[in-house]
Every structure is written in structure tokens, then in C-alpha cells.
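This is input-v4.csv (CSV, C-alpha atoms and all ligand atoms).
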chain,number,residue,atom,x,y,z
A,1,MET,CA,82.4,90.4,120.2
A,2,THR,CA,80.4,89.0,117.3
A,3,MET,CA,78.3,91.4,115.4
A,4,THR,CA,74.5,90.9,115.2
A,5,LEU,CA,72.4,91.5,112.1
A,6,HIS,CA,68.7,92.1,112.6
A,7,ASP,CA,67.3,91.0,109.3
A,8,PHE,CA,64.4,89.5,107.4
A,9,PRO,CA,65.0,86.9,104.7
A,10,THR,CA,63.3,88.6,101.7
A,11,SER,CA,64.6,92.1,102.5
A,12,GLY,CA,67.1,93.1,99.8
A,13,HIS,CA,68.4,95.8,102.2
A,14,ALA,CA,69.4,93.0,104.6
A,15,HIS,CA,70.7,90.9,101.8
A,16,ARG,CA,73.2,93.6,100.9
A,17,ILE,CA,74.8,93.3,104.3
A,18,ARG,CA,74.8,89.5,104.4
A,19,LEU,CA,76.3,89.4,101.0
A,20,PHE,CA,79.1,91.7,102.0
A,21,LEU,CA,79.8,90.0,105.3
A,22,SER,CA,80.0,86.7,103.3
A,23,MET,CA,82.4,88.2,100.8
A,24,LEU,CA,84.5,89.5,103.6
A,25,GLY,CA,84.4,86.1,105.3
A,26,VAL,CA,83.2,87.8,108.6
A,27,ASP,CA,81.2,85.7,111.1
A,28,TYR,CA,78.1,87.3,112.6
A,29,ASP,CA,74.9,86.4,114.4
A,30,ARG,CA,71.7,86.7,112.6
A,31,LEU,CA,68.4,87.6,114.3
A,32,THR,CA,65.2,87.4,112.2
A,33,VAL,CA,62.8,90.3,112.9
A,34,ASP,CA,59.1,89.1,112.8
A,35,MET,CA,58.2,91.8,110.2
A,36,PRO,CA,54.8,90.3,109.3
A,37,GLY,CA,53.9,90.2,113.0
A,38,GLY,CA,55.1,93.9,113.5
A,39,GLY,CA,58.3,92.9,115.2
A,40,HIS,CA,60.0,96.0,113.6
A,41,LYS,CA,57.6,98.4,115.4
A,42,THR,CA,57.9,97.0,118.9
A,43,ALA,CA,59.3,99.3,121.6
A,44,ASP,CA,62.4,97.1,122.0
A,45,TYR,CA,63.2,97.2,118.3
A,46,LEU,CA,62.4,101.0,118.0
A,47,ARG,CA,65.1,101.6,120.6
A,48,LEU,CA,67.6,100.1,118.2
A,49,SER,CA,66.1,101.5,115.0
A,50,PRO,CA,64.0,104.7,115.5
A,51,LEU,CA,62.4,104.4,112.1
A,52,GLY,CA,61.4,100.8,112.8
A,53,GLN,CA,63.2,99.5,109.7
A,54,VAL,CA,65.2,96.3,108.9
A,55,PRO,CA,68.1,95.8,108.7
A,56,THR,CA,70.1,96.9,111.8
A,57,LEU,CA,73.7,95.9,112.3
A,58,VAL,CA,74.9,96.0,115.9
A,59,ASP,CA,78.6,95.8,116.7
A,60,GLY,CA,79.1,96.2,120.4
A,61,GLU,CA,78.1,99.8,121.2
A,62,ILE,CA,77.7,100.7,117.6
A,63,ILE,CA,74.3,100.5,116.0
A,64,ILE,CA,73.8,101.0,112.3
A,65,THR,CA,70.3,101.3,110.9
A,66,ASP,CA,70.9,101.7,107.2
A,67,SER,CA,72.2,99.2,104.7
A,68,SER,CA,74.5,101.6,102.8
A,69,ALA,CA,75.9,102.9,106.1
A,70,ALA,CA,76.6,99.3,107.2
A,71,LEU,CA,78.5,98.6,103.9
A,72,VAL,CA,80.7,101.7,104.5
A,73,TYR,CA,81.2,100.7,108.2
A,74,LEU,CA,82.3,97.1,107.2
A,75,ALA,CA,84.6,98.3,104.4
A,76,LYS,CA,86.3,100.7,106.8
A,77,LYS,CA,86.4,98.3,109.8
A,78,TYR,CA,88.0,95.6,107.8
A,79,GLY,CA,90.3,98.0,106.0
A,80,ARG,CA,89.1,97.0,102.6
A,81,ARG,CA,90.0,100.0,100.4
A,82,ASP,CA,89.5,97.8,97.3
A,83,TRP,CA,85.8,97.8,98.2
A,84,LEU,CA,85.7,101.5,99.2
A,85,PRO,CA,88.3,103.7,97.5
A,86,GLU,CA,89.5,106.6,99.6
A,87,ASP,CA,90.6,109.0,96.8
A,88,PRO,CA,88.2,111.9,96.3
A,89,ALA,CA,86.9,110.8,92.8
A,90,GLY,CA,86.8,107.1,93.8
A,91,ALA,CA,84.8,107.7,97.0
A,92,ALA,CA,82.4,110.0,95.1
A,93,ALA,CA,81.9,107.4,92.4
A,94,VAL,CA,80.9,104.8,95.0
A,95,GLN,CA,78.7,107.3,96.9
A,96,ARG,CA,76.9,108.1,93.6
A,97,TRP,CA,75.6,104.5,93.5
A,98,LEU,CA,74.9,104.2,97.2
A,99,SER,CA,72.6,107.3,96.8
A,100,THR,CA,71.0,105.6,93.7
A,101,ALA,CA,70.4,102.4,95.8
A,102,SER,CA,68.4,104.5,98.3
A,103,GLY,CA,66.9,106.8,95.6
A,104,GLU,CA,66.1,105.7,92.1
A,105,LEU,CA,66.3,102.0,92.9
A,106,TYR,CA,63.9,102.5,95.9
A,107,ARG,CA,61.5,104.6,93.9
A,108,GLY,CA,61.5,102.1,90.9
A,109,PRO,CA,62.2,98.4,91.2
A,110,ILE,CA,62.0,98.2,95.0
A,111,ALA,CA,58.6,99.9,95.0
A,112,LEU,CA,57.2,97.6,92.3
A,113,ARG,CA,58.4,94.5,94.1
A,114,ALA,CA,56.9,95.7,97.4
A,115,ALA,CA,53.6,96.3,95.6
A,116,ARG,CA,53.4,92.8,94.1
A,117,ARG,CA,54.9,90.9,97.0
A,118,PHE,CA,53.8,92.8,100.1
A,119,GLY,CA,50.8,94.8,98.9
A,120,ARG,CA,52.3,98.2,99.4
A,121,ALA,CA,50.4,101.1,97.8
A,122,VAL,CA,52.5,102.4,95.0
A,123,ASP,CA,52.2,104.7,92.0
A,124,GLU,CA,53.0,102.0,89.5
A,125,ALA,CA,53.3,104.3,86.4
A,126,ALA,CA,55.9,106.5,88.3
A,127,ALA,CA,57.7,103.4,89.6
A,128,ARG,CA,57.9,101.9,86.1
A,129,SER,CA,59.2,105.2,84.7
A,130,TRP,CA,62.0,105.3,87.4
A,131,SER,CA,62.9,101.7,86.7
A,132,LYS,CA,63.2,102.3,83.0
A,133,ARG,CA,65.4,105.4,83.5
A,134,LEU,CA,67.6,103.5,86.0
A,135,PHE,CA,68.0,100.4,83.9
A,136,GLU,CA,68.8,102.4,80.7
A,137,TRP,CA,71.5,104.3,82.6
A,138,MET,CA,72.9,101.1,84.1
A,139,GLN,CA,72.9,99.5,80.6
A,140,ALA,CA,74.7,102.4,79.0
A,141,HIS,CA,77.3,102.5,81.9
A,142,LEU,CA,77.9,98.7,81.9
A,143,GLU,CA,78.3,98.5,78.2
A,144,ILE,CA,81.5,100.5,78.8
A,145,GLU,CA,82.5,99.5,82.3
A,146,THR,CA,82.7,96.1,83.9
A,147,TRP,CA,81.7,97.4,87.4
A,148,LEU,CA,79.6,100.3,88.6
A,149,ALA,CA,82.1,102.6,90.4
A,150,ALA,CA,85.7,101.4,89.7
A,151,LYS,CA,87.8,99.0,87.6
A,152,HIS,CA,87.0,96.4,90.2
A,153,ALA,CA,84.0,95.4,92.4
A,154,THR,CA,83.1,97.9,95.2
A,155,ILE,CA,80.3,98.3,97.8
A,156,ALA,CA,78.5,100.2,95.0
A,157,ASP,CA,78.0,96.8,93.3
A,158,VAL,CA,76.9,95.1,96.5
A,159,ALA,CA,74.4,97.9,97.3
A,160,MET,CA,72.8,97.7,93.8
A,161,TYR,CA,72.8,94.0,93.3
A,162,SER,CA,70.1,92.5,95.6
A,163,TYR,CA,67.1,94.3,94.3
A,164,VAL,CA,68.2,94.4,90.6
A,165,ARG,CA,68.5,90.6,90.8
A,166,VAL,CA,64.8,90.2,91.9
A,167,ALA,CA,63.4,93.0,89.7
A,168,ASP,CA,61.2,90.4,87.9
A,169,GLU,CA,59.3,90.0,91.2
A,170,GLY,CA,58.1,93.5,90.5
A,171,GLY,CA,57.1,92.6,87.0
A,172,LEU,CA,60.2,94.1,85.4
A,173,ASP,CA,62.0,92.3,82.5
A,174,LEU,CA,65.8,92.7,82.4
A,175,ALA,CA,66.1,91.0,78.9
A,176,PRO,CA,66.4,94.5,77.2
A,177,TYR,CA,69.4,95.2,79.4
A,178,PRO,CA,72.0,92.5,78.5
A,179,ALA,CA,74.9,94.5,80.1
A,180,VAL,CA,73.0,94.6,83.4
A,181,LEU,CA,72.5,90.8,83.2
A,182,ARG,CA,76.2,90.3,82.5
A,183,TRP,CA,77.0,92.5,85.6
A,184,LEU,CA,74.6,90.4,87.8
A,185,ALA,CA,76.5,87.3,86.7
A,186,ASP,CA,79.8,88.9,87.4
A,187,VAL,CA,78.7,89.8,91.0
A,188,GLU,CA,77.5,86.2,91.4
A,189,ALA,CA,81.0,84.9,90.4
A,190,LEU,CA,82.7,86.9,93.2
A,191,PRO,CA,84.3,84.9,96.0
A,192,GLY,CA,81.9,84.5,99.0
A,193,PHE,CA,78.8,85.3,96.9
A,194,GLU,CA,75.5,84.6,98.7
A,195,PRO,CA,72.2,84.5,96.7
A,196,MET,CA,69.3,86.9,97.2
A,197,PRO,CA,66.3,84.8,98.5
A,198,ARG,CA,63.2,84.7,96.4
B,201,LIG,N1,67.4,103.1,104.3
B,201,LIG,C1,67.2,101.8,104.8
B,201,LIG,C2,65.8,101.3,104.3
B,201,LIG,C3,65.5,100.0,104.9
B,201,LIG,C4,64.0,99.6,104.5
B,201,LIG,O1,63.3,100.3,103.8
B,201,LIG,N2,63.7,98.4,105.1
B,201,LIG,C5,62.3,97.9,104.9
B,201,LIG,C6,62.4,96.4,104.8
B,201,LIG,S1,63.2,95.9,103.3
B,201,LIG,C7,61.5,98.2,106.1
B,201,LIG,O2,62.0,98.0,107.2
B,201,LIG,N3,60.3,98.7,106.0
B,201,LIG,C8,59.4,99.0,107.1
B,201,LIG,C9,59.2,100.5,107.3
B,201,LIG,O3,59.9,101.3,106.7
B,201,LIG,O4,58.4,100.8,108.2
B,201,LIG,C10,68.3,100.9,104.4
B,201,LIG,O5,69.0,101.1,103.4
B,201,LIG,O6,68.6,100.0,105.2
If you convert what's in this file into C-alpha cells, what do you get?
Amino acid sequence: MTMTLHDFPTSGHAHRIRLFLSMLGVDYDRLTVDMPGGGHKTADYLRLSPLGQVPTLVDGEIIITDSSAALVYLAKKYGRRDWLPEDPAGAAAVQRWLSTASGELYRGPIALRAARRFGRAVDEAAARSWSKRLFEWMQAHLEIETWLAAKHATIADVAMYSYVRVADEGGLDLAPYPAVLRWLADVEALPGFEPMPR
């Protein structure tokens, strides 16, 4: 049975999953949720996703309502240990960045983009401060390492890519972080890459 991704084009959370499915070469059906019309808060959609959030990945009986969880699921399902190492240190290194994708990335660049593009009420000073701390850390890490969590690309890179790529939509300039720009280009050169819509 073909998997279905409930998504929204400008959602970076949804893009993470589309990007990984494309890199894996896996076919799936795509259903656009009418978020501007409140389609993510209807009774039908809330039965799938109790928090009323996009994306949701449905694979038969299995329903996954979080982008990081979906990346883990797909890596495990398709047996891709290169994308999700199973040794203790390797798995922890990936998890470190999955947590960052739901934590500091969300509090910083994602919040600023949501404020500018979708009018979300945001503490801009706090979001700018989180963004600076995050990008300084990524810059220092990527000056030494090619990828975020291993000597090769992993789902950590997929999870972090989408919203870092469109950080400028939140008024953030990546020019002071050349190693981050180099890393973005390296993700874009991976087989099966699919761009984040603007
Ligand atoms: N933890 C979720 C967060 C998803 C998320 O925040 N989605 C946004 C759209 S990009 C959303 O549905 N916001 C509406 C809401 O939270 O009510 C994930 O990683 O997939």
C-alpha cells in the first residue's frame, strides 16, 4: 500500500519528509491540507493528528504526526543504517540534531519566519538570540565536520536543512556563517534532492 503524506507546500516540517522520501526514491501520495482554511483543525484531521499539525505520514495502520519521528520511521523501514546509525554514539549524535530541529531551530529561525510570513506573534528578540546561538554552533561544528552527525549525511542533515535554507524569509542573514552555506550546498548535491519551496 502506498504511503500518504498530509502536507502543506510551505511547511518546512513537511518538506523534511518529502526530501527524505525523494532521496530514498520511495513513491507516496501527497494530500495538501488546507491550512489557511483551517483544514488542520477539522474533526477528520484531528482524528489523524490530535494536535492538529502538519505533516502527518500514514502508512496503512501506522500514523506518524511528527517530522522527526517520520524520518526515523522511514530510515528504519527502508533499512538505511547509513541515514540512521544504530551504534549508541552514532544514534545519540543523530538524536542531538533531531532534538535541535524541534527545539532551538523552532524557537529561533522557524519562529521568525512564521512571524514574517504567517503573522504569528513571536518574541523577536528572543528568537533572534536563539538563531544566533544556533548558527554560531552550526558554523563552529561545520568548520570541522562535513555533516552534522556522522562522516556522511544522516537524517540529522535532512531534519535541519529545510528551515535553515529559508532562514532569510525570517530576516536572518547566513552570510556570516560560510560553513553553514557550504553544508546547505552539500545537502543540495545529494542524489534525490528536492528543493524547499519559497
Ligand atoms: N513537531 C511537529 C511540528 C509540526 C508543526 O509545527 N507544524 C506546523 C506547520 S509547519 C503546524 O501544523 N502548525 C499548526 C499548529 O500547531 O496548530 C513536527 O516536527 O512535525
Env of A:Leu84: 9 Å cut, atoms = only C-alpha atoms, seq-sep filter 3 positions within chain, self excluded. Answer as a ChimeraX atom specification. /A:72,75-76,79-81,90-91,94,154-156
Where does stretch 135-184 of chain A meet stretch 10-20 of chain A within 12 Å, residue by residue, with the nearest atom pair and distance in Å to one decimal for each, counting all atoms listed in the file, listed by chain and rising number, as JSON lines?
{"residue": "A:Ala153", "atom": "CA", "partner": "A:Phe20", "partner_atom": "CA", "distance": 11.4}
{"residue": "A:Thr154", "atom": "CA", "partner": "A:Phe20", "partner_atom": "CA", "distance": 10.0}
{"residue": "A:Ile155", "atom": "CA", "partner": "A:Phe20", "partner_atom": "CA", "distance": 7.9}
{"residue": "A:Ala156", "atom": "CA", "partner": "A:Arg16", "partner_atom": "CA", "distance": 10.3}
{"residue": "A:Asp157", "atom": "CA", "partner": "A:Arg16", "partner_atom": "CA", "distance": 9.5}
{"residue": "A:Val158", "atom": "CA", "partner": "A:Arg16", "partner_atom": "CA", "distance": 5.9}
{"residue": "A:Ala159", "atom": "CA", "partner": "A:Arg16", "partner_atom": "CA", "distance": 5.7}
{"residue": "A:Met160", "atom": "CA", "partner": "A:Arg16", "partner_atom": "CA", "distance": 8.2}
{"residue": "A:Tyr161", "atom": "CA", "partner": "A:Arg16", "partner_atom": "CA", "distance": 7.6}
{"residue": "A:Ser162", "atom": "CA", "partner": "A:Gly12", "partner_atom": "CA", "distance": 5.2}
{"residue": "A:Tyr163", "atom": "CA", "partner": "A:Gly12", "partner_atom": "CA", "distance": 5.6}
{"residue": "A:Val164", "atom": "CA", "partner": "A:Gly12", "partner_atom": "CA", "distance": 9.4}
{"residue": "A:Arg165", "atom": "CA", "partner": "A:Gly12", "partner_atom": "CA", "distance": 9.4}
{"residue": "A:Val166", "atom": "CA", "partner": "A:Gly12", "partner_atom": "CA", "distance": 8.7}
{"residue": "A:Ala167", "atom": "CA", "partner": "A:Gly12", "partner_atom": "CA", "distance": 10.8}
{"residue": "A:Glu169", "atom": "CA", "partner": "A:Thr10", "partner_atom": "CA", "distance": 11.3}
I'd like the contact shell of A:Pro109 - 9 Å cut-off, all atoms listed in the file, skipping same-chain residues fewer than 3 positions apart - returned as a list of chain:residue names.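 Final neighbour list, sorted by chain and number: A:Glu104, A:Leu105, A:Tyr106, A:Leu112, A:Arg113, A:Ala114, A:Ala127, A:Arg128, A:Trp130, A:Ser131, A:Tyr163, A:Val164, A:Val166, A:Ala167, A:Asp168, A:Glu169, A:Gly170, A:Gly171, A:Leu172.
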Please extract the residues at most 6 Å from ligand LIG 201 (chain B), counting all atoms listed in the file, and provide them as a PDB file with C-alpha atoms, keeping the file's coordinate frame, using the chain letters and residue numbers of this document.
ATOM      1  CA  SER A  11      64.600  92.100 102.500  1.00  0.00           C
ATOM      2  CA  GLY A  12      67.100  93.100  99.800  1.00  0.00           C
ATOM      3  CA  HIS A  13      68.400  95.800 102.200  1.00  0.00           C
ATOM      4  CA  GLY A  52      61.400 100.800 112.800  1.00  0.00           C
ATOM      5  CA  GLN A  53      63.200  99.500 109.700  1.00  0.00           C
ATOM      6  CA  VAL A  54      65.200  96.300 108.900  1.00  0.00           C
ATOM      7  CA  PRO A  55      68.100  95.800 108.700  1.00  0.00           C
ATOM      8  CA  ASP A  66      70.900 101.700 107.200  1.00  0.00           C
ATOM      9  CA  SER A  67      72.200  99.200 104.700  1.00  0.00           C
ATOM     10  CA  SER A  68      74.500 101.600 102.800  1.00  0.00           C
TER      11      SER A  68
END
Using all atoms listed in the file for the distances, tell me which of A:Leu142, A:Ala125, A:Ala89, A:Ile64 is nearest to A:Ala179.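 Nearest candidate to A:Ala179 out of A:Leu142, A:Ala125, A:Ala89, A:Ile64: A:Leu142.
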With distances taken over all atoms listed in the file, which of A:Ala149, A:Arg133, A:His141, A:Leu57 is nearest to A:Ala92?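 Distance minimum relative to A:Ala92 lands on A:Ala149.
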A:Ala175 environment, 12 Å, only C-alpha atoms, sequence neighbours closer than 6 positions dropped, as a list in words: Phe135, Glu136, Gln139, Ala167, Asp168, Leu181 and Arg182 of chain A
Just checking: using all atoms listed in the file, which residue out of A:Thr56, A:Asp44, A:Leu51, A:Glu124 ends up closest to A:Asp29? A:Thr56
Could you state the separation of atom CA of A:Ala126 and atom CA of A:Asp173 in Å, given to one decimal place?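 Taking atom CA of A:Ala126 as the start and atom CA of A:Asp173 as the end point, the length is 16.5 Å.
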Interatomic distance between atom CA of A:Asp7 and atom CA of A:Leu31?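 So the two atoms, atom CA of A:Asp7 and atom CA of A:Leu31, lie 6.1 Å apart.
Between A:Ser102 and the candidates A:Glu143, A:Val26, A:Asp59, A:Ala69, the tightest atom-to-atom separation, counting only C-alpha atoms, involves A:Ala69.
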Looking at all atoms listed in the file, which of A:Gly108, A:Pro191, A:Pro9, A:Gly38 is the one that sits closest to A:Leu21?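 Among the listed residues, the smallest separation from A:Leu21 belongs to A:Pro191.
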Return the single residue from A:Ile62, A:Leu71, A:Gly119, A:Leu134 that is closest to A:Gly103, with distances computed using only C-alpha atoms.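 Comparing A:Ile62, A:Leu71, A:Gly119, A:Leu134 against A:Gly103, the winner is A:Leu134.
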Could you work out how far atom CA of A:Leu174 lies from atom CA of A:Val122, giving the answer in Å with one decimal?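 So the answer is 20.7 Å.
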